[in-house]
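Here the structure comes first, spelled out in structure tokens, and everything after it is commentary.
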There are 2 protein chains.
Amino acid sequence: MPTQTPLGFRFAGVAAGIKKTGAADLALIVSDRPCTAAAVFTRNRFPAAAVLYDRALVAENPAGLRGVAINAGCANACTGDQGLADAAKMARLAEAALGLPPRSVAVMSTGVIGPRLPMDKLAAGIHAASAALSAAGWDAASRAIMTTDTRPKAAFRQAGAARLFGMCKGAGMIHPNMATMLCAIVTDAAVAPDALAPLLRQAVDVSFNCISVDGDTSTNDTVLLLANGASGLHVHMPVASAVSTSPQSTNLPIYQETETFASALTSLCTDLAQQIVRDGEGATKFITVCVEGAASDADARAAAKAVANSPLVKTAFYGGDANWGRILAAVGYSGAAVEPARANLWIAAGGGRGDAGTGGRGDGERTLQLVRAGQPLSYSEETASAIFAEHDIRVTVDLGLGDGQATVWTCDLSHDYVSINGHYRT
Amino acid sequence: MPTQTPLGFRFAGVAAGIKKTGAADLALIVSDRPCTAAAVFTRNRFPAAAVLYDRALVAENPAGLRGVAINAGCANACTGDQGLADAAKMARLAEAALGLPPRSVAVMSTGVIGPRLPMDKLAAGIHAASAALSAAGWDAASRAIMTTDTRPKAAFRQAGAARLFGMCKGAGMIHPNMATMLCAIVTDAAVAPDALAPLLRQAVDVSFNCISVDGDTSTNDTVLLLANGASGLHVHMPVASAVSTSPQSTNLPIYQETETFASALTSLCTDLAQQIVRDGEGATKFITVCVEGAASDADARAAAKAVANSPLVKTAFYGGDANWGRILAAVGYSGAAVEPARANLWIAAGGGRGDAGTGGRGDGERTLQLVRAGQPLSYSEETASAIFAEHDIRVTVDLGLGDGQATVWTCDLSHDYVSINGHYRT
């Protein structure tokens, strides 16, 4: 992958001693000029201190942010008033170390819920990180935000003259609701705050909001997007307006740039979201769940999410057991409208989106239809088991009711998920 | 426990060869006189053939049922029109073997979703079971409906002159929605159909509808209640009416009998529901989740269910890890109204309901408050770990907002759950 970070941003990741293991746990991202900012946050009603802090900060200073400080090992959630004070102090420590004005640095935290931030360790870590900043520091920064992640997650995109870089962490407590686990995205495009927010929301809605590891929505989910304009590429309009106006018009290059940027941002978010699923706690398989023919897109999403969250579906995938009845059972309790006699079900090897032009929901011989118009079809257990044994699997449900469709990505539920979470704090 | 079954009912359980293991898999319950009947069924939108059959049957013949035939090993769900025909034939086979009129026997099925019922084996099994009926056959019947259950589940209650017996199976795909996994309850009370239905619904709502093993709602959930009147005890009124009229009045003995019956029925259902949780797939712990002080009972139930279904909470219990932040995180995404600064959290050893009179949410020294008014309290990890190491654990969340309360029972999520469900069909 290309690894050229957006102009004007520097990164660092260091070990501050917050994690018991001594691994890196403190990341800084800093821009050499003010950024516009947009963010989406968890809807969990016990939001972490950093979520409360950033929500107010982005609203107050949407065109003057300079960076973000992130710690792993402690979520600073369910920590009451003291937690809020600690988050504010974390931001001030970073601003002071970087010689930046007050209220210019956002904060994020991830780790165990309940304990307080160790402020002394944090202060020393921020000091060390501020001395280590560089354009090449993105890799160290992406490693410093990991918890049970087994590998760092980063992605790069180009949008005309502008570059985008994003990094995130995931692993467990992954069932984003309008946001996901920690993710920081930076770009050197110039984007006004009123364009940045809808662009981010649109990208998140089809990426981070379409993944699940375990159905648990975190207290700390945050996606923060900073745009510093250093590339000179200007993005003014929310893409929805741009698309509805005239995407083909050649005398409106600004719209084309917006589209290019929106497309790159969505692609970046989808890449990162899928990286989270592939590295889900204990995950051994990557499963794409497509629901089509639903009465509405909302129904399709509800059905796909029910399949993606079902412990029974996920354990069957883990075991390589073609127990497809569990898939329809999950659709059946999802709340989506269903007429059993119209339902169709396919499984296929490969994680990509099915191409209807190639005869259905997969790549030909590696696709198996299991249910047609509500009737189970006879099939070769050998073929089904071979598909279920793959690492990347696609499930397609056609409800035969309308045009609603959705795609959701999930992983299996393995013994290792139980091991990891039975002793997370130890 | 007392094991005297209601008068006029006989039971049998035999091996029909539907299960690959050769274990008992066919149960019959028959009354020597017509019964009134009430039932609650799954709200899964892929209902099993037996659910569709029984729903129509109970509506059509609510005072003339004579029994029920139940098979394990095959759920006859997602089987289309052929499945419906097979369910009807199963009922006719039982009626013929027992010399009963058409449309007098209900059917239930549990097991793998998708495959067809093996009708030849079923016919032979029904024939053998009809020859083996006896009042003492309840134990064999309760064993014949097991799937991944490790032990049979039965309960007895007395309500004045009337007796009640219930048997059920559970283990996995347990997240009942207005019903649960298979449960048959019989009584020799005389109860009119218009009284039986609300009595059953009321009992199910606070018992089977308050348990969860894995959050998956089955296609086959059914609770069927048959009342044959052989005891001579008459129950006429729904208990809600009775209570609101005059429960203490001595010149209205009919209301007292209704109350006694309703209380016995609820107690029976709660006993069976808790047996399902204690024998949940892979379960090593029994967890009582109490939410109080919610804005409404509905909020309390949503919050308690979110905690009970959270894979992260359940794996923490399995690991004996006092990772209490996950409990509040689950409450936070449940949809219930929350003001973090008003929330309180306790954990306690013992599975019963907390008694507020004894200083809170447990039995004194074995109760530990972890959060007060949204602030985490310092506590001894040793004490917390000792409580989490218990088999029966109670979690109490007080949201400090109103009078809403709910109690839900769940089990932990263990390696064995994954093992059992990774290879369920093999």
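Identifiers for the structure tokens are assigned positionally: chains receive A, B, ... in sequence, residues are indexed from 1 per chain, and ligands are indexed from 1 in the order shown.
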
May I have the residues within 7 Å of segment 146-163 of chain B as a PyMOL selection string, using only C-alpha atoms and disregarding those fewer than 3 positions away in the same chain?
chain B and resi 2-3+5-6+72-73+111+142-143+166-171+187-189+231+233+260-261+264+268+271-272+275+279+281

Generate a file of the selected residues that holds C-alpha atoms, formatted as a short mmCIF file (atom, residue, chain, number, x, y, z; two decimals), in the first residue's frame.
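Written output follows (result_5.cif):
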```
data_model
loop_
_atom_site.label_atom_id
_atom_site.label_comp_id
_atom_site.auth_asym_id
_atom_site.auth_seq_id
_atom_site.Cartn_x
_atom_site.Cartn_y
_atom_site.Cartn_z
CA PRO B 2 -43.35 -34.00 44.58
CA THR B 3 -43.95 -36.01 41.46
CA THR B 5 -48.93 -35.61 37.95
CA PRO B 6 -52.34 -34.06 37.34
CA ALA B 72 -36.64 -33.85 19.13
CA GLY B 73 -33.80 -34.09 16.58
CA GLY B 111 -33.74 -29.88 16.62
CA SER B 142 -39.27 -34.97 29.63
CA ARG B 143 -36.11 -36.79 28.57
CA GLY B 166 -44.71 -28.84 33.24
CA MET B 167 -41.76 -30.02 31.21
CA CYS B 168 -39.55 -28.10 28.84
CA LYS B 169 -36.30 -28.15 26.91
CA GLY B 170 -33.91 -25.31 26.27
CA ALA B 171 -30.11 -25.17 26.02
CA THR B 187 -53.21 -29.35 34.90
CA ASP B 188 -56.29 -31.05 36.17
CA ALA B 189 -57.88 -27.72 37.06
CA SER B 231 -59.47 -32.34 39.84
CA LEU B 233 -61.12 -27.25 40.86
CA THR B 260 -53.81 -19.60 43.88
CA PHE B 261 -53.78 -21.17 40.44
CA ALA B 264 -48.79 -21.78 41.09
CA LEU B 268 -44.03 -23.43 37.78
CA ASP B 271 -38.94 -22.83 37.93
CA LEU B 272 -38.80 -24.28 34.39
CA GLN B 275 -33.87 -24.70 34.80
CA ASP B 279 -28.64 -25.88 31.74
CA GLU B 281 -25.37 -24.57 26.46
#
```

Using only C-alpha atoms, which residues of chain A come within 8 Å of chain B, and what is the closest atom pair for each, with the distance in Å to one decimal? Give it as CSV, sorted by chain and residue number.
```
residue,atom,partner,partner_atom,distance
A:Arg43,CA,B:Tyr333,CA,7.0
A:Asn44,CA,B:Tyr333,CA,4.6
A:Arg45,CA,B:Gly332,CA,4.2
A:Phe46,CA,B:Gly332,CA,5.1
A:Pro47,CA,B:Gly332,CA,7.9
A:Ala77,CA,B:Gly325,CA,7.9
A:Cys78,CA,B:Gly374,CA,6.9
A:Thr79,CA,B:Gln375,CA,5.9
A:Gly80,CA,B:Gln375,CA,4.9
A:Asp81,CA,B:Gln375,CA,7.6
A:Val112,CA,B:Gly325,CA,7.5
A:Ile113,CA,B:Gly325,CA,4.7
A:Gly114,CA,B:Gly325,CA,5.5
A:Pro115,CA,B:Pro376,CA,8.0
A:Met173,CA,B:Leu312,CA,7.1
A:Asp214,CA,B:Pro311,CA,6.5
A:Gly215,CA,B:Ser310,CA,7.4
A:Asp216,CA,B:Ser310,CA,6.3
A:Thr217,CA,B:Tyr333,CA,6.2
A:Ser218,CA,B:Ala329,CA,6.5
A:Thr219,CA,B:Ala329,CA,6.0
A:Ser310,CA,B:Asp216,CA,6.3
A:Pro311,CA,B:Asp214,CA,6.5
A:Leu312,CA,B:Asn421,CA,6.4
A:Thr315,CA,B:Gly422,CA,4.7
A:Ala316,CA,B:Gly422,CA,4.5
A:Phe317,CA,B:Gly422,CA,7.1
A:Tyr318,CA,B:Gly422,CA,5.9
A:Gly319,CA,B:Gly422,CA,3.9
A:Gly320,CA,B:Gly422,CA,7.1
A:Asp321,CA,B:His423,CA,6.0
A:Asn323,CA,B:Arg425,CA,7.1
A:Trp324,CA,B:Gly114,CA,7.5
A:Gly325,CA,B:Ile113,CA,4.7
A:Arg326,CA,B:Ile113,CA,7.0
A:Leu328,CA,B:Phe46,CA,7.1
A:Ala329,CA,B:Thr219,CA,5.9
A:Ala330,CA,B:Asp216,CA,7.0
A:Val331,CA,B:Arg45,CA,7.8
A:Gly332,CA,B:Arg45,CA,4.2
A:Tyr333,CA,B:Asn44,CA,4.6
A:Ala337,CA,B:Arg45,CA,7.8
A:Val338,CA,B:Arg45,CA,6.1
A:Glu339,CA,B:Arg45,CA,7.7
A:Pro340,CA,B:Phe46,CA,6.0
A:Ala341,CA,B:Gly80,CA,6.9
A:Gly374,CA,B:Gly80,CA,5.6
A:Gln375,CA,B:Gly80,CA,4.9
A:Pro376,CA,B:Thr79,CA,6.0
A:Leu413,CA,B:Val418,CA,7.2
A:Ser414,CA,B:Val418,CA,6.2
A:His415,CA,B:His415,CA,5.3
A:Val418,CA,B:Thr315,CA,5.8
A:Ser419,CA,B:His415,CA,7.5
A:Asn421,CA,B:Thr315,CA,5.6
A:Gly422,CA,B:Gly319,CA,3.9
A:His423,CA,B:Gly319,CA,5.6
A:Tyr424,CA,B:Asp321,CA,7.7
A:Arg425,CA,B:Asn323,CA,7.1
```

Separating atom CA of Ser263 of chain B from atom CA of Arg201 of chain B, to the nearest tenth of an Å, is a gap of 12.8 Å

Could you please write out, as a PyMOL selection string, every residue of segment 95-230 of chain B that DSSP assigns to alpha helix (DSSP H)? chain B and resi 95-98+119-131+138-144+193-205

* List every residue of segment 18-264 of chain B that DSSP, applied to the backbone, labels as strand (DSSP E or B), and write the result as a ChimeraX atom specification. => /B:26-41,65-74,105-112,134,153-159,162-168,183-187,190-191,211-212,222-227,234-235

Query raised in the report: Do you know which residues are at most 10 Å from Ser380 of chain B counting only C-alpha atoms, after dropping those on the same chain fewer than 4 positions away, and could you put them as a PyMOL selection string?
Result: chain B and resi 368+370+384-386

**OP:** For Ala135 of chain A, please output as JSON, numbers by chain all residues within 10 Å (counting only C-alpha atoms; exclusion window: fewer than 2 positions along the same chain).
**Re:** {"A": [4, 5, 6, 7, 8, 9, 10, 11, 12, 29, 30, 133, 137, 138, 139]}

> Any idea what's packed within 9 Å of Ala192 of chain B, counting only C-alpha atoms, ignoring anything in its chain fewer than 5 positions away? Could you give it as a PyMOL selection string?
Replying inline: chain B and resi 36-37+62-63+197+227+234-237

_For Leu401 of chain B, find every residue with an atom within 7 Å (counting only C-alpha atoms), except residues of its own chain fewer than 4 positions away, and show them as a PyMOL selection string._
chain B and resi 293-295

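The smallest atom-to-atom distance between Gly229 of chain B and any of B:Leu93, B:Cys35, B:Leu57, B:Ile347, using only C-alpha atoms, is found for B:Cys35.
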
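Distances here use only C-alpha atoms; by that measure, the residue among B:Phe165, B:Asn228, B:Glu95, B:Ala406 closest to Cys183 of chain B is B:Phe165.
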
For this session: In Å, rounded to a single decimal, give me how far atom CA of Phe388 of chain B is from atom CA of Gly282 of chain B.
Result: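 These atoms are spaced 17.3 Å apart.
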
In Å and to one decimal, atom CA of Ala389 of chain A is distant from atom CA of Ala283 of chain A by 13.7 Å
